[in-house]
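Visitor: input-v1.cif is reproduced in full below (mmCIF, C-alpha atoms).
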data_work
loop_
_atom_site.label_atom_id
_atom_site.label_comp_id
_atom_site.auth_asym_id
_atom_site.auth_seq_id
_atom_site.Cartn_x
_atom_site.Cartn_y
_atom_site.Cartn_z
CA MET A 1 76.08 96.89 89.79
CA CYS A 2 73.36 98.49 91.93
CA PRO A 3 70.41 99.92 89.94
CA GLU A 4 71.16 103.38 91.38
CA THR A 5 74.71 103.24 90.00
CA SER A 6 73.53 102.20 86.57
CA HIS A 7 70.87 104.91 86.50
CA PHE A 8 73.33 107.51 87.76
CA LEU A 9 75.90 106.72 85.07
CA GLN A 10 73.29 106.78 82.33
CA ARG A 11 71.84 110.07 83.60
CA ASP A 12 75.09 111.92 84.09
CA GLN A 13 75.83 112.55 80.44
CA ALA A 14 77.86 115.66 81.18
CA ALA A 15 80.38 113.69 83.20
CA ILE A 16 80.36 110.50 81.10
CA PRO A 17 79.16 111.17 77.55
CA GLU A 18 77.68 107.90 76.35
CA ARG A 19 80.13 105.89 78.40
CA THR A 20 79.96 103.64 81.43
CA LEU A 21 82.88 103.00 83.75
CA THR A 22 83.73 99.90 81.74
CA ALA A 23 83.97 101.91 78.54
CA LEU A 24 86.01 104.52 80.37
CA LEU A 25 88.59 101.97 81.43
CA LEU A 26 88.94 100.56 77.94
CA SER A 27 89.27 103.97 76.30
CA PRO A 28 92.44 106.09 75.98
CA GLY A 29 93.35 108.33 78.88
CA ARG A 30 95.25 108.14 82.14
CA HIS A 31 93.07 105.59 83.93
CA GLY A 32 92.12 103.74 80.78
CA GLN A 33 95.74 103.22 79.77
CA ALA A 34 96.72 102.33 83.30
CA ALA A 35 94.14 99.59 83.35
CA ALA A 36 95.01 98.28 79.91
CA GLY A 37 98.15 96.33 80.64
CA PRO A 38 101.85 96.30 81.59
CA LYS A 39 102.80 98.96 79.01
CA ALA A 40 100.67 101.49 80.85
CA GLY A 41 103.33 102.00 83.52
CA TRP A 42 101.36 101.26 86.70
CA ALA A 43 100.72 97.56 86.09
CA ARG A 44 102.54 96.14 89.14
CA GLN A 45 105.03 98.69 90.38
CA LYS A 46 102.88 99.81 93.34
CA PRO A 47 101.60 96.79 95.29
CA MET A 48 100.20 98.94 98.11
CA GLY A 49 97.75 100.64 95.74
CA TYR A 50 97.33 102.15 92.29
CA PRO A 51 98.89 105.63 92.72
CA PRO A 52 95.94 107.71 91.44
CA LEU A 53 93.70 105.81 93.87
CA THR A 54 95.93 106.12 96.92
CA LYS A 55 96.37 109.81 96.14
CA VAL A 56 92.66 110.57 95.86
CA LEU A 57 91.90 108.51 98.99
CA ALA A 58 94.55 110.48 100.91
CA ASP A 59 93.17 113.79 99.63
CA PHE A 60 89.49 112.94 100.09
CA PHE A 61 89.63 111.33 103.53
CA GLY A 62 92.46 113.53 104.77
CA LYS A 63 90.08 116.48 104.65
CA LEU A 64 87.34 114.53 106.41
CA LEU A 65 89.66 113.26 109.15
CA GLY A 66 91.63 116.49 109.55
CA GLN A 67 94.93 114.84 108.66
CA GLU A 68 97.70 115.47 106.15
CA MET A 69 97.79 111.97 104.72
CA GLU A 70 100.64 110.58 102.61
CA PRO A 71 99.49 108.08 99.96
CA LEU A 72 102.45 105.75 100.48
CA LYS A 73 102.37 105.79 104.29
CA ASN A 74 98.77 106.27 105.37
CA VAL A 75 96.78 104.36 102.70
CA LEU A 76 96.67 100.68 101.78
CA VAL A 77 94.40 99.31 99.04
CA THR A 78 93.08 95.80 99.71
CA VAL A 79 90.83 93.16 98.17
CA GLY A 80 87.63 94.62 99.55
CA ALA A 81 86.97 95.66 103.14
CA TYR A 82 87.14 91.95 104.00
CA GLY A 83 90.77 91.98 102.90
CA ALA A 84 91.38 95.13 104.92
CA LEU A 85 89.95 93.55 108.06
CA PHE A 86 91.88 90.30 107.60
CA THR A 87 95.13 92.17 107.02
CA ALA A 88 94.56 94.30 110.12
CA PHE A 89 93.90 91.30 112.38
CA GLN A 90 96.88 89.37 111.01
CA ALA A 91 99.18 92.37 111.38
CA LEU A 92 98.26 93.47 114.90
CA VAL A 93 96.77 90.58 116.87
CA ASP A 94 99.19 88.09 118.44
CA GLU A 95 98.65 84.81 120.26
CA GLY A 96 96.64 85.41 123.42
CA ASP A 97 95.73 89.03 122.66
CA GLU A 98 92.17 90.05 123.47
CA VAL A 99 89.94 91.81 120.96
CA ILE A 100 86.77 93.54 122.16
CA ILE A 101 83.83 93.02 119.77
CA ILE A 102 80.54 94.89 120.16
CA GLU A 103 77.42 92.74 119.66
CA PRO A 104 75.59 92.30 117.39
CA TYR A 105 78.64 92.16 115.12
CA PHE A 106 79.45 91.50 111.49
CA ASP A 107 80.14 87.79 111.52
CA CYS A 108 83.75 87.81 110.26
CA TYR A 109 85.16 89.66 113.28
CA GLU A 110 85.16 86.62 115.56
CA PRO A 111 86.78 84.09 113.18
CA MET A 112 89.37 86.63 112.03
CA THR A 113 90.32 87.23 115.66
CA LEU A 114 90.65 83.49 116.25
CA MET A 115 92.66 82.93 113.06
CA ALA A 116 95.19 85.49 114.28
CA GLY A 117 95.49 83.67 117.61
CA GLY A 118 93.49 86.21 119.56
CA ARG A 119 90.64 85.81 122.03
CA PRO A 120 87.36 87.60 121.26
CA VAL A 121 85.77 89.43 124.20
CA PHE A 122 82.13 90.37 123.62
CA VAL A 123 80.11 93.29 124.91
CA PRO A 124 76.48 93.68 123.83
CA LEU A 125 74.52 96.73 122.84
CA LYS A 126 71.40 96.63 125.00
CA PRO A 127 68.00 97.78 123.71
CA SER A 128 66.03 100.22 125.81
CA PRO A 129 62.48 99.02 126.57
CA SER A 130 59.87 100.54 124.25
CA GLN A 131 56.20 101.07 124.98
CA ASP A 132 53.52 99.18 123.11
CA GLY A 133 52.91 100.82 119.77
CA GLU A 134 56.05 102.94 120.06
CA LEU A 135 58.57 102.74 117.23
CA ASP A 136 61.95 101.25 118.07
CA TYR A 137 65.16 102.77 116.70
CA SER A 138 68.72 101.49 116.46
CA SER A 139 69.79 104.50 118.55
CA ASN A 140 67.95 102.91 121.49
CA TRP A 141 70.55 100.12 121.54
CA GLN A 142 73.41 101.34 123.69
CA LEU A 143 76.55 100.21 125.45
CA ASP A 144 76.68 100.02 129.22
CA PRO A 145 79.72 102.21 130.01
CA THR A 146 80.66 100.22 133.11
CA GLU A 147 80.33 96.89 131.34
CA LEU A 148 82.43 98.14 128.43
CA ALA A 149 85.14 99.49 130.76
CA ASN A 150 85.31 96.15 132.56
CA LYS A 151 86.12 94.35 129.30
CA PHE A 152 89.49 96.11 129.03
CA THR A 153 92.43 94.22 130.54
CA SER A 154 96.21 94.19 130.25
CA ARG A 155 95.78 91.71 127.35
CA THR A 156 93.44 93.89 125.29
CA LYS A 157 95.06 94.67 121.94
CA ALA A 158 92.18 96.03 119.87
CA LEU A 159 88.53 97.04 119.84
CA VAL A 160 86.43 96.57 116.71
CA LEU A 161 83.97 99.37 115.99
CA ASN A 162 81.37 99.22 113.21
CA THR A 163 79.47 102.42 112.48
CA PRO A 164 76.99 102.48 110.83
CA SER A 165 76.67 98.89 111.94
CA ASN A 166 75.63 95.63 110.34
CA PRO A 167 73.15 94.13 111.21
CA LEU A 168 71.60 96.78 113.47
CA GLY A 169 72.11 99.94 111.42
CA LYS A 170 73.27 101.85 114.50
CA VAL A 171 75.21 105.08 114.03
CA PHE A 172 77.34 105.68 117.10
CA SER A 173 76.89 109.17 118.55
CA LYS A 174 79.77 111.48 119.37
CA ALA A 175 79.29 110.80 123.09
CA GLU A 176 79.45 107.04 122.50
CA LEU A 177 82.56 107.41 120.36
CA GLU A 178 84.19 109.60 122.99
CA LEU A 179 83.58 106.86 125.57
CA VAL A 180 85.24 104.27 123.32
CA ALA A 181 88.08 106.67 122.50
CA SER A 182 88.73 107.44 126.18
CA LEU A 183 88.99 103.75 127.07
CA CYS A 184 91.21 102.95 124.08
CA GLN A 185 93.60 105.74 125.05
CA GLN A 186 93.53 104.82 128.73
CA HIS A 187 94.45 101.21 127.99
CA ASP A 188 96.66 101.82 124.93
CA VAL A 189 94.33 99.86 122.62
CA VAL A 190 94.05 100.05 118.84
CA CYS A 191 90.61 100.76 117.34
CA ILE A 192 89.75 98.91 114.13
CA SER A 193 86.91 101.03 112.75
CA ASP A 194 84.79 99.44 110.03
CA GLU A 195 83.04 102.38 108.34
CA VAL A 196 81.96 100.88 105.02
CA TYR A 197 78.41 102.29 105.31
CA GLN A 198 79.47 105.84 106.21
CA TRP A 199 77.63 107.40 103.25
CA LEU A 200 74.31 105.81 104.23
CA VAL A 201 73.25 107.75 107.33
CA PHE A 202 69.58 108.75 107.54
CA ASP A 203 67.28 111.31 109.13
CA GLY A 204 69.91 114.00 109.54
CA ASN A 205 72.14 111.84 111.73
CA GLN A 206 75.87 112.41 111.34
CA HIS A 207 78.58 109.86 110.74
CA ILE A 208 81.66 110.64 112.81
CA SER A 209 84.91 108.79 112.20
CA ILE A 210 86.49 107.94 115.53
CA ALA A 211 89.90 108.68 113.99
CA SER A 212 88.86 112.36 113.81
CA LEU A 213 88.54 112.62 117.60
CA PRO A 214 91.46 114.06 119.60
CA GLY A 215 94.19 111.49 120.22
CA MET A 216 92.59 108.77 118.08
CA TRP A 217 94.29 109.11 114.69
CA GLU A 218 97.47 107.59 116.16
CA ARG A 219 95.63 104.42 117.27
CA THR A 220 92.88 103.92 114.68
CA LEU A 221 92.64 101.94 111.46
CA THR A 222 89.72 103.23 109.37
CA ILE A 223 88.36 100.74 106.84
CA GLY A 224 86.31 101.55 103.75
CA SER A 225 84.83 99.76 100.77
CA ALA A 226 84.26 100.77 97.15
CA GLY A 227 81.58 98.07 96.98
CA LYS A 228 79.48 99.90 99.57
CA THR A 229 80.60 103.41 98.59
CA PHE A 230 79.76 103.08 94.88
CA SER A 231 77.31 100.14 94.97
CA ALA A 232 79.68 97.86 93.08
CA THR A 233 80.50 95.01 95.45
CA GLY A 234 81.93 92.84 92.66
CA TRP A 235 84.85 95.19 92.19
CA LYS A 236 86.34 94.03 95.54
CA VAL A 237 88.30 97.19 96.29
CA GLY A 238 88.75 98.23 99.90
CA TRP A 239 91.20 100.36 101.83
CA VAL A 240 92.72 101.01 105.23
CA LEU A 241 93.67 104.47 106.46
CA GLY A 242 95.88 105.02 109.46
CA PRO A 243 99.16 106.19 110.98
CA ASP A 244 102.39 104.87 109.53
CA GLN A 245 103.43 103.16 112.77
CA LEU A 246 100.42 100.85 112.41
CA MET A 247 100.18 100.75 108.63
CA LYS A 248 103.74 99.46 108.21
CA HIS A 249 102.69 96.18 109.82
CA LEU A 250 99.69 95.88 107.49
CA ARG A 251 101.95 96.54 104.51
CA THR A 252 104.15 93.63 105.59
CA VAL A 253 101.18 91.24 105.70
CA HIS A 254 99.80 92.55 102.40
CA GLN A 255 103.14 92.28 100.61
CA ASN A 256 103.58 88.68 101.73
CA SER A 257 100.05 87.51 101.00
CA ILE A 258 97.95 89.38 98.42
CA PHE A 259 100.82 91.61 97.21
CA HIS A 260 98.77 93.46 94.61
CA CYS A 261 95.11 94.13 93.82
CA PRO A 262 93.75 94.19 90.23
CA THR A 263 94.56 97.54 88.65
CA GLN A 264 91.41 97.80 86.52
CA ALA A 265 89.06 97.99 89.49
CA GLN A 266 91.37 100.38 91.33
CA ALA A 267 91.38 102.69 88.30
CA ALA A 268 87.58 102.69 88.24
CA VAL A 269 87.40 103.57 91.93
CA ALA A 270 90.00 106.32 91.51
CA TRP A 271 87.95 107.88 88.72
CA SER A 272 84.78 107.59 90.81
CA PHE A 273 86.33 109.43 93.76
CA GLU A 274 87.80 112.09 91.48
CA ARG A 275 84.33 112.75 90.11
CA GLU A 276 82.78 112.74 93.58
CA GLN A 277 85.31 115.32 94.72
CA GLN A 278 83.92 117.70 92.12
CA HIS A 279 80.29 117.15 93.19
CA PHE A 280 80.69 116.40 96.92
CA GLY A 281 77.82 117.79 98.99
CA GLN A 282 75.88 118.98 95.95
CA PRO A 283 72.62 117.56 94.55
CA SER A 284 74.66 116.03 91.70
CA SER A 285 76.74 114.01 94.19
CA TYR A 286 76.31 110.25 93.90
CA PHE A 287 76.58 109.97 97.67
CA VAL A 288 73.66 112.40 98.08
CA GLN A 289 71.51 110.61 95.51
CA LEU A 290 72.28 107.13 96.85
CA LEU A 291 71.36 108.25 100.37
CA GLN A 292 68.03 109.68 99.22
CA ALA A 293 67.12 106.55 97.27
CA THR A 294 68.16 104.23 100.10
CA GLN A 295 66.26 106.14 102.77
CA HIS A 296 63.15 105.90 100.60
CA LYS A 297 63.63 102.13 100.41
CA ARG A 298 64.16 101.91 104.17
CA ASP A 299 60.91 103.74 104.84
CA HIS A 300 59.04 101.59 102.31
CA VAL A 301 60.28 98.32 103.80
CA THR A 302 59.59 99.56 107.34
CA ARG A 303 55.95 100.23 106.48
CA SER A 304 55.65 96.89 104.69
CA LEU A 305 56.98 94.95 107.67
CA GLN A 306 54.69 96.82 110.07
CA SER A 307 51.70 96.03 107.87
CA VAL A 308 52.18 92.29 108.45
CA GLY A 309 52.62 92.51 112.21
CA LEU A 310 56.40 92.72 112.46
CA ARG A 311 58.16 95.32 114.61
CA PRO A 312 61.17 96.72 112.78
CA VAL A 313 64.03 98.44 114.59
CA ILE A 314 64.41 101.50 112.37
CA PRO A 315 68.09 101.88 111.40
CA GLN A 316 69.97 105.17 111.49
CA GLY A 317 72.28 103.96 108.74
CA SER A 318 73.49 101.13 106.45
CA TYR A 319 71.05 99.16 104.28
CA PHE A 320 70.05 96.59 106.87
CA LEU A 321 67.36 96.52 109.49
CA ILE A 322 66.37 93.98 112.10
CA THR A 323 62.80 93.29 113.09
CA ASP A 324 61.32 91.88 116.27
CA ILE A 325 59.38 88.64 115.72
CA SER A 326 58.31 88.18 119.35
CA ASP A 327 54.61 88.30 118.45
CA PHE A 328 55.10 85.43 116.00
CA LYS A 329 57.10 83.55 118.61
CA SER A 330 54.22 83.75 121.08
CA LYS A 331 51.66 82.69 118.45
CA MET A 332 53.79 79.99 116.76
CA PRO A 333 56.24 78.77 119.41
CA ASN A 334 56.64 75.25 118.02
CA LEU A 335 58.00 75.74 114.53
CA PRO A 336 59.75 72.73 112.94
CA GLY A 337 63.45 72.34 113.70
CA ALA A 338 65.94 70.78 116.07
CA GLU A 339 65.06 70.95 119.74
CA ASP A 340 68.05 73.16 120.58
CA GLU A 341 67.80 75.30 117.43
CA ALA A 342 67.31 79.03 118.02
CA TYR A 343 63.82 80.29 117.28
CA ASP A 344 64.94 82.90 114.73
CA ARG A 345 66.65 80.19 112.66
CA ARG A 346 63.50 78.05 112.66
CA PHE A 347 61.41 81.11 111.81
CA VAL A 348 63.61 81.99 108.83
CA LYS A 349 63.32 78.45 107.44
CA TRP A 350 59.54 78.53 107.93
CA MET A 351 59.31 81.91 106.18
CA ILE A 352 61.34 80.71 103.18
CA LYS A 353 59.25 77.58 102.79
CA ASN A 354 55.83 79.09 103.40
CA LYS A 355 56.16 82.73 102.32
CA GLY A 356 58.95 82.64 99.76
CA LEU A 357 60.83 85.33 101.68
CA SER A 358 64.31 84.94 103.11
CA ALA A 359 66.07 86.79 105.92
CA ILE A 360 69.01 86.23 108.26
CA PRO A 361 68.55 85.11 111.88
CA VAL A 362 70.07 87.77 114.14
CA SER A 363 71.30 85.25 116.72
CA ILE A 364 74.19 84.36 114.37
CA PHE A 365 75.54 87.88 114.94
CA TYR A 366 76.07 87.09 118.63
CA SER A 367 78.52 85.00 120.60
CA VAL A 368 77.19 81.59 121.60
CA PRO A 369 76.43 82.51 125.26
CA HIS A 370 74.33 85.50 124.14
CA GLN A 371 72.46 83.94 121.22
CA LYS A 372 69.53 82.71 123.29
CA HIS A 373 68.80 86.28 124.44
CA PHE A 374 68.43 87.60 120.89
CA ASP A 375 66.68 84.79 119.03
CA HIS A 376 63.54 86.87 118.41
CA TYR A 377 64.99 89.11 115.68
CA VAL A 378 65.67 88.62 111.97
CA ARG A 379 67.63 90.84 109.58
CA PHE A 380 66.40 92.20 106.24
CA CYS A 381 68.35 94.03 103.55
CA PHE A 382 66.63 96.79 101.57
CA ILE A 383 69.28 97.96 99.08
CA LYS A 384 67.80 95.90 96.22
CA VAL A 385 64.16 96.56 96.99
CA LYS A 386 62.10 98.10 94.20
CA CYS A 387 59.66 100.69 95.52
CA ARG A 388 56.85 101.10 93.03
CA ALA A 389 55.03 104.36 92.63
CA GLY A 390 51.82 104.33 94.63
CA GLY A 391 53.16 101.95 97.28
CA GLY A 392 53.45 98.61 95.52
CA LYS A 393 54.52 95.42 97.23
CA VAL A 394 58.05 94.74 98.35
CA SER A 395 60.03 92.87 95.73
CA SER A 396 63.67 92.11 95.06
CA SER A 397 65.69 93.12 92.04
CA SER A 398 67.65 89.88 92.18
CA SER A 399 65.56 87.03 93.55
CA ARG A 400 67.07 83.60 93.97
CA SER A 401 65.36 80.30 94.41
CA SER A 402 64.77 79.53 98.07
CA GLY A 403 62.88 76.30 97.86
CA LYS A 404 59.82 78.00 96.41
CA LYS A 405 59.39 79.39 92.93
CA GLY A 406 59.28 83.17 92.85
CA SER A 407 60.75 83.63 96.30
CA THR A 408 61.95 87.08 97.27
CA GLU A 409 65.29 87.66 98.94
CA LEU A 410 65.67 90.59 101.29
CA CYS A 411 68.60 89.32 103.35
#
Turn this file's structure into structure tokens for me.
Guide:
Amino acid sequence: MCPETSHFLQRDQAAIPERTLTALLLSPGRHGQAAAGPKAGWARQKPMGYPPLTKVLADFFGKLLGQEMEPLKNVLVTVGAYGALFTAFQALVDEGDEVIIIEPYFDCYEPMTLMAGGRPVFVPLKPSPSQDGELDYSSNWQLDPTELANKFTSRTKALVLNTPSNPLGKVFSKAELELVASLCQQHDVVCISDEVYQWLVFDGNQHISIASLPGMWERTLTIGSAGKTFSATGWKVGWVLGPDQLMKHLRTVHQNSIFHCPTQAQAAVAWSFEREQQHFGQPSSYFVQLLQATQHKRDHVTRSLQSVGLRPVIPQGSYFLITDISDFKSKMPNLPGAEDEAYDRRFVKWMIKNKGLSAIPVSIFYSVPHQKHFDHYVRFCFIKVKCRAGGGKVSSSSSRSSGKKGSTELC
């Protein structure tokens, strides 16, 4: 569990008197009894989701999306957002269908497309040139409208949207979403919208769900994650929201594969959303407090990276940022590694071995033809960073061995 979650539960004595979520689930009461076993009544009767959870998801997100959502028709609970994505691809993508994927992309989109028999079609976000000494922002990375439009064909089945995005931390603007929406409607394409980081949007930027735009609810699957929402990735609870004409196909895949997700974790997420409904938008809201803490970490890591000569691309959202290592590439062009190995991969290995710090090479978030154009970036994660009072050094709250004792993991 994320340190912010632990601190929040300990602090909020009014809501949870001397109890954590674990204690709550083991104690008497509606969710506690439901999680306890088959005598509770909800043990396995509802494979598409624990009823209190599907109900609160329908209520909570229905208001945000401007839809009257029915728990049994418009909500499906899955094994994490990964499970939601896999179910969506298996349900909707057929042999030979094309799926448009925006680069850089979360690395499961391509293999999931291929496993369903589809053909990934890539379109890159392109960074705007920045002046020397000028800060770079994820908002400067934009789609070329003409290039995007040219990717749509008669075989296009779906477009995958990720906002806020991993690894870039880009929050798509309303104008950008309207462009995507217009093309999806024009070509009768489904939008699979991965919005797991929607509560982590910084600097006054606004997260907009594409399903809330006119004409898009009917063709959008909106995917969320309790792991990202409540900083509890080990719970593995995700969900898909969408119109019944699409969701019925996902229910078929779910029923004949996973069938049912563990009730205990679903009960915990249901309780968490019920509490958040009472505090939503207020200073006592967990979403508000998590955002404040995470933005502080982002700013701290940004300054730390700049202090050692790196050029971070400041993210609008999520808990990832990428940083430009071009200066290192010009000073140390011949790092050890295979002759055809991308520079960012060699740099990451060098950094682990010599600095005890690990990151992810950004080229792996691109299709093979485009990797060589983006091999001068690496990705850091700042959700586990401890920011000491007075501006202490960057450290990790869960370091792992990376070939050097005391190494710090920020990936």
Visitor: Under the PyMOL selection byres ((chain A and resi 328-332) around 10), which residues of this model are included? Write them out as a list in words.
Guide: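 When the PyMOL selection byres ((chain A and resi 328-332) around 10) is applied, the selected residues are Gly309, Leu310, Asp324, Ile325, Ser326, Asp327, Pro333, Asn334, Leu335, Tyr343, Asp344, Phe347, Asp375 and His376 of chain A.
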Visitor: Can you write just those residues out, C-alpha atoms, as a CSV table (one decimal), in the frame of the given file?
Guide:
chain,number,residue,atom,x,y,z
A,309,GLY,CA,52.6,92.5,112.2
A,310,LEU,CA,56.4,92.7,112.5
A,324,ASP,CA,61.3,91.9,116.3
A,325,ILE,CA,59.4,88.6,115.7
A,326,SER,CA,58.3,88.2,119.4
A,327,ASP,CA,54.6,88.3,118.4
A,333,PRO,CA,56.2,78.8,119.4
A,334,ASN,CA,56.6,75.2,118.0
A,335,LEU,CA,58.0,75.7,114.5
A,343,TYR,CA,63.8,80.3,117.3
A,344,ASP,CA,64.9,82.9,114.7
A,347,PHE,CA,61.4,81.1,111.8
A,375,ASP,CA,66.7,84.8,119.0
A,376,HIS,CA,63.5,86.9,118.4
Visitor: With only C-alpha atoms as the atoms that count, which of A:Gln371, A:Asn354, A:Ser272, A:Thr54 lies nearest to Gly227 in chain A?
Guide: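 Comparing A:Gln371, A:Asn354, A:Ser272, A:Thr54 against Gly227 in chain A, the winner is A:Ser272.
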Visitor: Could you tell me which of A:Thr323, A:Ser285, A:Ser358, A:Ser182 comes closest to Pro167 in chain A if we count all atoms listed in the file?
Guide: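 Checking each candidate against Pro167 in chain A, we get A:Thr323 as the closest.
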Visitor: Find the residues around Leu179 in chain A up to 12 Å (all atoms listed in the file counted), leave out those fewer than 2 positions away in its own chain, and share them as a PyMOL selection string.
Guide: chain A and resi 142-149+172-177+181-186+210+213+216
Visitor: Evaluated on this file, the PyMOL selection byres ((chain A and resi 254) around 10) picks out some residues - which ones are they, written as an NGL selection string?
Guide: :A and (47-48 or 76-79 or 83-84 or 86-88 or 90-91 or 248-253 or 255-261)
